[in-house]
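Colleague: One file: my_file04.txt (compact mmCIF, C-alpha atoms and all ligand atoms).
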# COMPACT_ATOMS: atom_id res chain seq x y z
CA MET A 9 -24.10 -30.08 -14.01
CA THR A 10 -22.21 -29.72 -10.75
CA LYS A 11 -21.78 -26.20 -9.63
CA LYS A 12 -18.21 -25.10 -9.57
CA SER A 13 -16.82 -22.13 -7.69
CA ILE A 14 -13.42 -20.52 -7.65
CA LEU A 15 -11.93 -19.03 -4.51
CA ALA A 16 -8.90 -16.88 -3.80
CA PHE A 17 -7.33 -19.00 -1.08
CA SER A 18 -4.74 -17.84 1.43
CA GLY A 19 -4.94 -20.82 3.74
CA GLY A 20 -6.01 -18.54 6.57
CA LEU A 21 -9.10 -18.70 8.74
CA ASP A 22 -11.61 -16.94 6.47
CA THR A 23 -10.81 -18.69 3.23
CA SER A 24 -10.58 -22.12 4.87
CA VAL A 25 -14.02 -21.66 6.37
CA VAL A 26 -15.33 -20.57 2.97
CA VAL A 27 -14.11 -23.77 1.25
CA LYS A 28 -16.07 -25.90 3.69
CA TYR A 29 -19.09 -23.68 3.45
CA LEU A 30 -19.20 -23.80 -0.36
CA GLN A 31 -18.85 -27.56 -0.33
CA GLU A 32 -21.37 -28.24 2.38
CA GLU A 33 -24.04 -25.60 2.13
CA HIS A 34 -23.85 -24.87 -1.59
CA GLU A 35 -22.83 -28.40 -2.62
CA MET A 36 -20.23 -27.02 -4.94
CA ASP A 37 -16.94 -28.19 -6.27
CA VAL A 38 -14.29 -25.74 -5.20
CA ILE A 39 -11.20 -24.66 -7.09
CA THR A 40 -8.73 -22.69 -5.02
CA VAL A 41 -6.14 -20.25 -6.25
CA THR A 42 -3.29 -18.87 -4.18
CA VAL A 43 -1.66 -15.86 -5.69
CA ASP A 44 1.83 -15.31 -4.34
CA VAL A 45 2.36 -11.60 -3.86
CA GLY A 46 5.18 -12.19 -1.41
CA GLN A 47 3.16 -13.13 1.64
CA GLY A 48 6.02 -15.48 2.51
CA ASP A 49 3.79 -18.52 2.98
CA ASP A 50 4.98 -21.95 2.07
CA GLN A 51 3.09 -22.72 -1.13
CA LYS A 52 3.49 -26.45 -0.58
CA LYS A 53 1.80 -26.20 2.80
CA ILE A 54 -1.06 -24.17 1.34
CA THR A 55 -1.52 -26.68 -1.46
CA ALA A 56 -1.60 -29.48 1.11
CA LYS A 57 -4.10 -27.52 3.17
CA ALA A 58 -6.35 -26.97 0.17
CA LYS A 59 -6.17 -30.64 -0.74
CA LYS A 60 -6.98 -31.62 2.84
CA LEU A 61 -10.07 -29.43 2.65
CA GLY A 62 -11.12 -31.50 -0.36
CA VAL A 63 -10.83 -28.95 -3.17
CA LYS A 64 -11.10 -30.28 -6.73
CA LYS A 65 -8.06 -28.41 -7.94
CA HIS A 66 -5.58 -25.95 -6.53
CA TYR A 67 -3.52 -23.39 -8.38
CA ASN A 68 -0.45 -21.50 -7.17
CA ILE A 69 0.40 -18.42 -9.15
CA ASP A 70 3.64 -16.57 -8.58
CA ALA A 71 2.74 -12.93 -9.19
CA LYS A 72 5.48 -11.30 -7.13
CA LYS A 73 7.23 -9.59 -9.99
CA GLU A 74 4.00 -8.40 -11.57
CA PHE A 75 2.85 -7.14 -8.20
CA VAL A 76 5.93 -5.02 -7.72
CA THR A 77 6.28 -3.67 -11.26
CA ASP A 78 2.63 -3.09 -12.12
CA TYR A 79 1.13 -2.18 -8.76
CA VAL A 80 3.82 -1.19 -6.25
CA PHE A 81 5.98 0.89 -8.60
CA PRO A 82 3.06 2.99 -9.85
CA SER A 83 2.18 3.61 -6.20
CA ILE A 84 5.72 4.87 -5.53
CA LYS A 85 5.39 7.26 -8.46
CA ALA A 86 2.20 8.46 -6.79
CA ASN A 87 3.89 8.66 -3.34
CA ALA A 88 0.76 6.80 -2.38
CA LEU A 89 -0.15 6.99 1.28
CA TYR A 90 -3.84 6.73 2.11
CA GLN A 91 -4.70 9.33 4.73
CA LYS A 92 -1.02 10.29 4.69
CA LYS A 93 -0.03 7.05 6.41
CA TYR A 94 -0.97 3.77 4.77
CA CYS A 95 1.07 2.54 1.81
CA LEU A 96 -1.82 0.46 0.46
CA ALA A 97 -0.10 -2.93 0.66
CA THR A 98 -3.33 -4.92 0.88
CA ALA A 99 -5.25 -2.57 -1.40
CA LEU A 100 -2.75 -2.89 -4.24
CA ALA A 101 -2.70 -6.67 -4.17
CA ARG A 102 -6.45 -7.15 -4.41
CA PRO A 103 -7.07 -6.11 -8.01
CA LEU A 104 -4.15 -8.30 -9.10
CA ILE A 105 -5.47 -11.32 -7.19
CA ALA A 106 -8.94 -10.75 -8.62
CA GLU A 107 -7.52 -10.57 -12.18
CA LYS A 108 -5.81 -13.92 -11.67
CA ILE A 109 -9.06 -15.40 -10.36
CA LEU A 110 -10.87 -14.18 -13.47
CA TYR A 111 -8.23 -15.77 -15.67
CA ILE A 112 -8.53 -19.20 -14.03
CA ALA A 113 -12.32 -18.85 -13.80
CA LYS A 114 -12.51 -18.67 -17.60
CA LYS A 115 -10.16 -21.56 -18.04
CA GLU A 116 -12.06 -23.75 -15.60
CA LYS A 117 -15.52 -22.64 -16.75
CA VAL A 118 -16.72 -22.11 -13.19
CA THR A 119 -20.30 -21.16 -12.38
CA SER A 120 -19.58 -18.71 -9.58
CA LEU A 121 -16.81 -16.65 -8.01
CA ALA A 122 -16.17 -16.73 -4.27
CA HIS A 123 -14.10 -14.79 -1.78
CA GLY A 124 -13.52 -14.85 1.94
CA CYS A 125 -13.97 -11.17 2.68
CA THR A 126 -16.09 -9.88 5.48
CA GLY A 127 -18.82 -7.32 4.98
CA LYS A 128 -17.00 -4.89 7.26
CA GLY A 129 -13.77 -4.44 5.39
CA ASN A 130 -12.38 -2.90 2.26
CA ASP A 131 -11.35 -6.05 0.48
CA GLN A 132 -14.92 -7.04 -0.44
CA VAL A 133 -15.16 -3.79 -2.38
CA ARG A 134 -11.82 -4.29 -4.12
CA PHE A 135 -12.60 -7.90 -5.05
CA ASP A 136 -16.20 -7.33 -6.11
CA VAL A 137 -15.43 -4.30 -8.24
CA THR A 138 -12.56 -5.99 -10.11
CA LEU A 139 -14.48 -9.25 -10.51
CA ARG A 140 -17.53 -7.35 -11.76
CA SER A 141 -15.42 -5.48 -14.32
CA GLY A 142 -14.46 -8.82 -15.86
CA SER A 143 -17.36 -11.23 -15.29
CA ASP A 144 -21.12 -11.48 -14.78
CA LEU A 145 -20.97 -14.67 -12.72
CA PRO A 146 -22.55 -14.58 -9.28
CA ILE A 147 -20.21 -13.64 -6.43
CA ILE A 148 -20.50 -15.64 -3.23
CA ALA A 149 -19.02 -14.19 -0.05
CA PRO A 150 -20.08 -16.52 2.78
CA ILE A 151 -18.50 -14.59 5.65
CA ARG A 152 -20.40 -11.48 4.57
CA ASP A 153 -23.59 -13.30 3.52
CA LYS A 154 -23.86 -15.16 6.82
CA ASN A 155 -22.69 -12.23 8.93
CA LEU A 156 -20.02 -14.42 10.55
CA ASP A 157 -17.64 -13.13 13.20
CA ARG A 158 -14.17 -14.39 13.96
CA VAL A 159 -15.11 -16.25 17.13
CA THR A 160 -17.83 -18.20 15.30
CA GLU A 161 -15.41 -18.88 12.47
CA LEU A 162 -12.75 -20.18 14.85
CA LYS A 163 -15.33 -22.49 16.42
CA PHE A 164 -16.49 -23.71 13.02
CA ALA A 165 -12.88 -24.28 11.97
CA GLN A 166 -12.27 -26.36 15.07
CA GLU A 167 -15.37 -28.49 14.46
CA GLN A 168 -14.28 -29.06 10.88
CA GLY A 169 -10.74 -30.00 11.90
CA ILE A 170 -9.19 -27.05 10.09
CA ASP A 171 -5.83 -26.05 11.62
CA ILE A 172 -5.33 -22.38 12.25
CA ASP A 173 -1.97 -21.03 13.32
CA THR A 174 -1.50 -19.34 16.64
CA VAL A 175 -0.89 -15.82 15.28
CA ALA A 176 -4.26 -15.95 13.50
CA LYS A 177 -5.90 -16.64 16.84
CA LYS A 178 -4.50 -13.37 18.20
CA TYR A 179 -4.58 -11.01 15.23
CA SER A 180 -5.94 -10.75 11.73
CA ILE A 181 -2.95 -10.47 9.41
CA ASP A 182 -2.57 -9.70 5.76
CA GLN A 183 0.88 -9.48 4.29
CA ASN A 184 2.69 -9.20 1.00
CA LEU A 185 5.97 -7.74 -0.27
CA TRP A 186 4.78 -4.18 0.26
CA GLY A 187 3.65 -4.50 3.86
CA ARG A 188 2.17 -6.40 6.73
CA ALA A 189 -1.16 -5.32 8.18
CA ILE A 190 -2.06 -6.35 11.70
CA GLU A 191 -5.57 -5.88 13.02
CA GLY A 192 -7.87 -7.13 15.73
CA GLY A 193 -7.43 -8.54 19.22
CA VAL A 194 -5.80 -6.15 21.67
CA LEU A 195 -5.18 -3.66 18.86
CA GLU A 196 -8.89 -2.88 18.80
CA ASP A 197 -8.30 -0.75 21.90
CA SER A 198 -7.29 2.43 20.10
CA TYR A 199 -5.31 3.68 23.11
CA ALA A 200 -3.36 0.50 23.81
CA GLU A 201 0.18 0.46 22.47
CA PRO A 202 0.71 -2.49 20.13
CA PRO A 203 2.54 -5.27 21.96
CA ASP A 204 5.92 -6.36 20.58
CA ASP A 205 4.54 -9.69 19.46
CA ALA A 206 2.49 -7.91 16.79
CA PHE A 207 5.68 -7.19 14.87
CA ILE A 208 7.85 -9.57 12.94
CA TRP A 209 9.44 -7.41 10.24
CA VAL A 210 10.47 -4.43 12.30
CA ARG A 211 12.77 -4.72 15.25
CA THR A 212 11.41 -3.04 18.34
CA LYS A 213 14.08 -4.05 20.88
CA ASN A 214 17.89 -4.03 21.04
CA LEU A 215 18.23 -1.71 18.10
CA PRO A 216 21.74 -1.05 16.79
CA ASP A 217 23.62 1.85 18.37
CA LYS A 218 25.06 2.99 15.07
CA PRO A 219 22.96 4.59 12.35
CA THR A 220 22.28 2.67 9.16
CA TYR A 221 22.71 4.47 5.84
CA MET A 222 20.91 3.54 2.66
CA GLU A 223 21.26 4.95 -0.83
CA ILE A 224 18.37 4.49 -3.21
CA LYS A 225 18.77 5.14 -6.90
CA PHE A 226 15.71 6.02 -9.00
CA ASP A 227 15.37 5.97 -12.75
CA GLN A 228 12.31 7.87 -14.02
CA GLY A 229 10.47 7.37 -10.75
CA VAL A 230 11.33 3.69 -10.41
CA PRO A 231 13.82 2.44 -7.78
CA VAL A 232 16.52 0.47 -9.57
CA ALA A 233 19.44 0.16 -7.18
CA VAL A 234 20.16 0.21 -3.46
CA ASP A 235 23.53 0.80 -1.85
CA GLY A 236 25.15 0.79 -5.27
CA LYS A 237 23.71 -2.58 -6.30
CA MET A 238 21.26 -2.90 -9.17
CA LEU A 239 18.49 -5.17 -7.95
CA ASP A 240 15.49 -6.69 -9.65
CA PRO A 241 12.16 -5.30 -8.41
CA VAL A 242 11.31 -8.11 -6.00
CA LYS A 243 14.83 -8.35 -4.55
CA LEU A 244 15.00 -4.58 -4.13
CA VAL A 245 11.85 -4.45 -2.02
CA GLU A 246 12.94 -7.48 0.01
CA TYR A 247 16.37 -5.97 0.61
CA ILE A 248 14.98 -2.69 1.93
CA ASN A 249 12.36 -4.43 4.06
CA LYS A 250 15.10 -6.38 5.76
CA LYS A 251 17.60 -3.58 6.19
CA ALA A 252 15.17 -0.91 7.33
CA GLY A 253 13.24 -3.35 9.51
CA ALA A 254 16.47 -4.21 11.34
CA ALA A 255 16.93 -0.48 12.09
CA GLY A 256 13.44 -0.32 13.56
CA VAL A 257 11.96 1.66 10.68
CA GLY A 258 8.53 1.04 9.21
CA ILE A 259 5.89 0.81 11.91
CA VAL A 260 2.70 2.72 11.19
CA ASP A 261 -0.17 3.00 13.66
CA HIS A 262 -3.23 5.05 12.79
CA ILE A 263 -6.98 5.35 12.73
CA GLU A 264 -8.15 4.64 9.22
CA ASP A 265 -11.42 5.44 7.49
CA ARG A 266 -12.65 2.35 5.73
CA ILE A 267 -14.69 2.54 2.54
CA VAL A 268 -17.79 1.28 4.33
CA GLY A 269 -17.60 4.09 6.89
CA ILE A 270 -16.13 2.21 9.83
CA LYS A 271 -13.10 3.73 11.50
CA SER A 272 -10.50 1.12 12.31
CA ARG A 273 -7.26 1.04 14.23
CA GLU A 274 -4.65 -0.20 11.81
CA VAL A 275 -1.11 -1.22 12.55
CA TYR A 276 1.37 -1.87 9.75
CA GLU A 277 4.92 -2.93 9.17
CA THR A 278 6.08 -1.35 5.94
CA PRO A 279 9.87 -0.75 6.06
CA ALA A 280 10.46 -0.73 2.29
CA ALA A 281 7.41 1.38 1.54
CA THR A 282 8.32 3.89 4.24
CA CYS A 283 11.85 4.32 2.85
CA LEU A 284 10.96 4.29 -0.83
CA ILE A 285 8.07 6.72 -0.60
CA GLU A 286 10.05 9.10 1.62
CA ALA A 287 12.99 8.99 -0.79
CA HIS A 288 10.87 9.35 -3.93
CA THR A 289 8.91 12.28 -2.49
CA ASP A 290 12.16 14.00 -1.57
CA LEU A 291 13.70 13.51 -5.00
CA GLU A 292 10.60 14.88 -6.74
CA LYS A 293 10.92 18.10 -4.77
CA MET A 294 14.39 18.61 -6.20
CA VAL A 295 13.55 17.95 -9.84
CA HIS A 296 10.02 19.34 -10.12
CA THR A 297 9.12 23.02 -10.24
CA LYS A 298 7.32 24.63 -7.35
CA HIS A 299 4.12 24.52 -9.38
CA GLN A 300 4.45 20.78 -9.92
CA ASN A 301 5.30 20.38 -6.25
CA LYS A 302 2.11 22.14 -5.27
CA PHE A 303 -0.16 20.31 -7.69
CA LYS A 304 1.10 16.73 -7.79
CA PRO A 305 0.39 15.95 -4.11
CA MET A 306 -3.29 16.59 -4.84
CA VAL A 307 -3.19 14.09 -7.69
CA ASP A 308 -1.24 11.67 -5.52
CA ASP A 309 -3.77 11.94 -2.74
CA GLN A 310 -6.62 11.22 -5.15
CA TRP A 311 -4.67 8.29 -6.61
CA ALA A 312 -4.21 6.78 -3.14
CA TYR A 313 -7.89 7.32 -2.41
CA MET A 314 -8.94 5.53 -5.61
CA ALA A 315 -6.56 2.62 -5.05
CA TYR A 316 -7.71 2.29 -1.45
CA SER A 317 -11.36 2.48 -2.39
CA GLY A 318 -11.41 -0.38 -4.87
CA LEU A 319 -11.55 1.91 -7.89
CA TRP A 320 -8.39 0.61 -9.57
CA GLN A 321 -10.20 0.25 -12.92
CA ASP A 322 -11.98 3.59 -12.85
CA PRO A 323 -11.25 5.92 -15.79
CA LEU A 324 -10.29 8.69 -13.35
CA LYS A 325 -7.59 6.45 -11.93
CA GLN A 326 -6.28 5.96 -15.49
CA ASN A 327 -6.31 9.73 -16.03
CA LEU A 328 -4.35 10.22 -12.83
CA ASP A 329 -1.88 7.53 -13.91
CA ALA A 330 -1.29 9.36 -17.16
CA PHE A 331 -0.58 12.60 -15.34
CA ILE A 332 1.71 10.94 -12.82
CA GLU A 333 3.59 9.05 -15.51
CA SER A 334 4.15 12.26 -17.44
CA SER A 335 5.81 13.77 -14.39
CA GLN A 336 8.34 10.98 -13.81
CA GLY A 337 10.75 11.50 -16.71
CA VAL A 338 12.99 13.69 -14.57
CA VAL A 339 12.69 11.70 -11.35
CA SER A 340 16.10 10.10 -11.63
CA GLY A 341 18.83 10.38 -9.04
CA VAL A 342 20.07 9.11 -5.72
CA VAL A 343 18.64 9.71 -2.27
CA LYS A 344 20.60 9.02 0.91
CA LEU A 345 18.67 7.91 3.99
CA LYS A 346 19.76 7.69 7.58
CA LEU A 347 17.97 5.18 9.76
CA TYR A 348 18.46 5.22 13.47
CA LYS A 349 16.53 3.44 16.21
CA GLY A 350 13.25 3.59 14.34
CA SER A 351 13.64 7.04 12.85
CA LEU A 352 14.16 7.81 9.21
CA ARG A 353 15.62 10.95 7.68
CA VAL A 354 16.68 11.95 4.21
CA VAL A 355 20.19 13.32 4.59
CA GLY A 356 21.17 13.84 0.95
CA ARG A 357 19.94 13.79 -2.61
CA LYS A 358 21.40 14.36 -6.08
CA SER A 359 20.08 14.28 -9.62
CA ARG A 360 21.19 15.24 -13.10
CA HIS A 361 17.75 16.88 -13.44
CA SER A 362 18.15 18.87 -10.24
CA LEU A 363 16.59 22.33 -10.24
CA TYR A 364 18.47 23.14 -7.08
CA SER A 365 21.29 25.47 -7.92
CA ARG A 366 23.89 25.95 -5.27
CA GLU A 367 25.20 28.97 -7.20
CA ALA A 368 21.82 30.67 -6.97
CA ALA A 369 20.98 29.62 -3.41
CA THR A 370 24.32 30.31 -1.77
CA TYR A 371 24.64 32.90 0.99
CA GLY A 372 28.34 33.00 0.18
CA THR A 373 30.02 35.18 -2.43
CA GLY A 374 29.53 34.98 -6.18
CA SER A 375 25.85 34.05 -6.24
CA THR A 376 24.27 34.06 -9.70
CA PHE A 377 21.04 35.37 -8.22
CA ASP A 378 20.82 39.17 -8.37
CA GLN A 379 19.10 40.20 -5.14
CA ARG A 380 18.31 43.63 -6.47
CA LEU A 381 15.69 42.14 -8.81
CA ALA A 382 13.79 40.85 -5.80
CA LYS A 383 12.71 44.30 -4.60
CA GLY A 384 10.30 44.95 -7.49
CA PHE A 385 9.11 41.36 -7.47
CA VAL A 386 8.14 41.49 -3.81
CA GLU A 387 6.29 44.75 -4.33
CA LEU A 388 4.12 43.26 -7.09
CA TRP A 389 3.75 39.90 -5.38
CA GLY A 390 2.16 41.42 -2.30
CA ILE A 391 0.18 44.23 -3.95
CA GLN A 392 -3.32 42.78 -3.57
CA SER A 393 -2.75 41.54 -0.06
CA THR A 394 -1.32 44.84 1.18
CA GLU A 395 -4.06 46.93 -0.49
CA ALA A 396 -6.85 44.72 0.86
CA ASN A 397 -5.31 44.81 4.30
CA LYS A 398 -5.09 48.61 4.28
CA LEU A 399 -8.79 48.80 3.35
CA GLN A 400 -9.76 46.40 6.13
CA LYS A 401 -7.94 48.56 8.65
CA LYS A 402 -9.64 51.69 7.34
CA ARG A 403 -13.06 50.05 7.69
CA SER A 404 -12.40 48.88 11.22
CA THR A 405 -11.31 52.32 12.42
CA LYS A 406 -14.52 53.85 10.97
CA THR A 407 -16.89 51.58 12.91
N1 LIG B 501 -6.84 -1.66 6.31
C1 LIG B 501 -6.02 -2.20 5.28
C2 LIG B 501 -6.73 -2.18 3.96
O1 LIG B 501 -7.90 -2.16 3.92
C3 LIG B 501 -5.45 -3.55 5.61
C4 LIG B 501 -6.40 -4.67 5.84
C5 LIG B 501 -5.65 -5.88 6.14
N2 LIG B 501 -6.43 -7.03 6.44
C6 LIG B 501 -6.27 -7.78 7.53
N3 LIG B 501 -6.96 -8.84 7.63
N4 LIG B 501 -5.46 -7.44 8.47
O2 LIG B 501 -6.12 -2.18 2.93
Starting from the coordinates I provided, produce the structure as structure tokens.

Modeller:
Amino acid sequence: MTKKSILAFSGGLDTSVVVKYLQEEHEMDVITVTVDVGQGDDQKKITAKAKKLGVKKHYNIDAKKEFVTDYVFPSIKANALYQKKYCLATALARPLIAEKILYIAKKEKVTSLAHGCTGKGNDQVRFDVTLRSGSDLPIIAPIRDKNLDRVTELKFAQEQGIDIDTVAKKYSIDQNLWGRAIEGGVLEDSYAEPPDDAFIWVRTKNLPDKPTYMEIKFDQGVPVAVDGKMLDPVKLVEYINKKAGAAGVGIVDHIEDRIVGIKSREVYETPAATCLIEAHTDLEKMVHTKHQNKFKPMVDDQWAYMAYSGLWQDPLKQNLDAFIESSQGVVSGVVKLKLYKGSLRVVGRKSRHSLYSREAATYGTGSTFDQRLAKGFVELWGIQSTEANKLQKKRSTKT
């Protein structure tokens, strides 16, 4: 029986090299699957590329809608930013891609599962863990197994007549609807400012002189309309990416702790994520109590950590999801954003579930809040702190 492997195929350097490697060194038939999560690649070109590499069969799966509704939207509810910065674009797509691979793997009765991840990154963890949760077939990861580096891969690709586009020669890119990650090349110098050519979604030059306003409407934690227009999930994200990117909003540059312990310099373009998470976080503060506002960020942080770390299927992640979901019933309303030359600011918010009461908060006349009640409250609130402090002072004057 010929051995048959299935590979998540992007058409990029790593996965192209893997096809050849599986065919030549493992003497396997290769089935490739490209899962469209909004990476903006021409599926026809990728199919042609796969065919040129001699794969037995190629699948294209459009998973854009599923990606946004089942992965991106839950991350918005969790205000998910790994290490306070990274919106998890790549991390969220991996479990979905792996699920699709498992589905085709069953259908095609393959004998092994393959991926093009390196042994230095996070994606190997995300792929392996999801694949393992659904299959006992061997996992082959040639780039990791052979300890290949990019220069060797580029050379191999050239020898094999594989065409690699010019951006891939400069940077390592991963992109989908939720963001574009740029790594490698000159960006590996942690002190060097990213050159303009690293960015294609966010404008860095000739930014408009007038501010751009954007109104985002949420219904139970989910964004449903922008600028007064109801939009389907995919269109909504695309619309914000375009509009915010044109105002220069959405560049993230930080040092990130990878799962395997390496620190990496990561640069991202995430206009929609930046706007949506900022807006959602702001709205929650208006509709949640101060106790919820103190506690939920801890849950959110853990959620982002789990999603980043390839633990999408872990029971704790499900527990966190249940908590987060239970908090979203009141997260409905509209948030107004002002975008100007790369900066982003929330300048207004409203909700029918608002706990903000102008009548209570006002410094003007007729407030419903009786200040006189505060005196006793403050006394009790501070009692332990003031007593302890008095004792400390007493002790320090004795010695
Ligand atoms: N550091 C991010 C993550 O692990 C993005 C990785 C993107 N990959 C790439 N080849 N640029 O989720």

Colleague: Kindly compile the residues surrounding ligand LIG 501 (chain B) within 6 Å, counting all atoms listed in the file, and format them as a list in words.

Modeller: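 Checked against 6 Å with all atoms listed in the file; the hits are Leu96, Thr98, Ala99, Asn130, Ser180, Ile181, Asp182, Ala189, Ile190 and Glu191 of chain A.
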
Colleague: I'd like the interatomic distance between CA of Ile151 (chain A) and CA of Tyr29 (chain A), to a tenth of an Å.

Modeller: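 About the pair CA of Ile151 (chain A) and CA of Tyr29 (chain A): they are 9.4 Å apart.
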
Colleague: Which residue gives the smallest distance to Asp329 (chain A) among A:Thr220, A:Gln310, A:Thr23, A:Thr138, with only C-alpha atoms counted?

Modeller: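 When distances to Asp329 (chain A) are compared using only C-alpha atoms, the smallest one comes from A:Gln310.
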
Colleague: Show me, as a Markdown table, the residues of region 193-266 of chain A having an atom within 12 Å of region 45-50 of chain A, each with the closest atom pair and its distance in Å, using all atoms listed in the file.

Modeller:
| residue | atom | partner | partner_atom | distance |
| --- | --- | --- | --- | --- |
| A:Trp209 | CA | A:Gly48 | CA | 11.7 |
| A:Val242 | CA | A:Gly46 | CA | 8.7 |
| A:Lys243 | CA | A:Gly46 | CA | 10.9 |
| A:Val245 | CA | A:Gly46 | CA | 10.2 |
| A:Glu246 | CA | A:Gly46 | CA | 9.2 |
| A:Asn249 | CA | A:Gly46 | CA | 11.9 |

Colleague: Using all atoms listed in the file, what does the table of region 216-273 of chain A residues within 12 Å of region 71-81 of chain A look like, with each row giving the shortest atom pair and its distance in Å to one decimal, sorted by chain and ascending number, as a Markdown table?

Modeller:
| residue | atom | partner | partner_atom | distance |
| --- | --- | --- | --- | --- |
| A:Phe226 | CA | A:Phe81 | CA | 11.0 |
| A:Asp227 | CA | A:Phe81 | CA | 11.5 |
| A:Gln228 | CA | A:Phe81 | CA | 10.9 |
| A:Gly229 | CA | A:Phe81 | CA | 8.2 |
| A:Val230 | CA | A:Phe81 | CA | 6.3 |
| A:Pro231 | CA | A:Phe81 | CA | 8.0 |
| A:Val232 | CA | A:Phe81 | CA | 10.6 |
| A:Asp240 | CA | A:Lys73 | CA | 8.8 |
| A:Pro241 | CA | A:Val76 | CA | 6.3 |
| A:Val242 | CA | A:Lys73 | CA | 5.9 |
| A:Lys243 | CA | A:Lys73 | CA | 9.4 |
| A:Leu244 | CA | A:Val76 | CA | 9.8 |
| A:Val245 | CA | A:Val76 | CA | 8.2 |
| A:Glu246 | CA | A:Val76 | CA | 10.7 |

Colleague: Which residue is closest to Asp322 (chain A)? Choose from A:Asn155, A:Gln183, A:Ser141, A:Gln379 and count all atoms listed in the file.

Modeller: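 Of all the options, A:Ser141 lies closest to Asp322 (chain A).
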
Colleague: Hey, can you check how far CA of Gln91 (chain A) sits from CA of Met314 (chain A)?

Modeller: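 Distance between the two atoms: 11.8 Å.
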
Colleague: If you count all atoms listed in the file, which residues fall within 7 Å of Leu15 (chain A), apart from same-chain ones fewer than 6 positions away, as a VMD selection string?

Modeller: chain A and resid 39 to 41 121 to 123

Colleague: Trp186 (chain A): which residues within 8 Å, counting all atoms listed in the file, same-chain residues fewer than 6 positions away excluded, as a PyMOL selection string?

Modeller: chain A and resi 80+95+97+245+278+280-281

Colleague: Residues of the last selection are to be written out with C-alpha atoms, as a PDB file, in the frame of the given file.

Modeller:
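Saved as result_6.pdb:
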ATOM      1  CA  VAL A  80       3.820  -1.190  -6.250  1.00  0.00           C
ATOM      2  CA  CYS A  95       1.070   2.540   1.810  1.00  0.00           C
ATOM      3  CA  ALA A  97      -0.100  -2.930   0.660  1.00  0.00           C
ATOM      4  CA  VAL A 245      11.850  -4.450  -2.020  1.00  0.00           C
ATOM      5  CA  THR A 278       6.080  -1.350   5.940  1.00  0.00           C
ATOM      6  CA  ALA A 280      10.460  -0.730   2.290  1.00  0.00           C
ATOM      7  CA  ALA A 281       7.410   1.380   1.540  1.00  0.00           C
TER       8      ALA A 281
END

Colleague: Counting all atoms listed in the file, which of A:Ile14, A:Ile332, A:Ala58, A:Val354 gets nearest to Ala149 (chain A)?

Modeller: A:Ile14

Colleague: My list of candidates is A:His288, A:Lys298, A:Lys108, A:Lys349. Which is closest to Ala86 (chain A) when distances are computed with only C-alpha atoms?

Modeller: A:His288
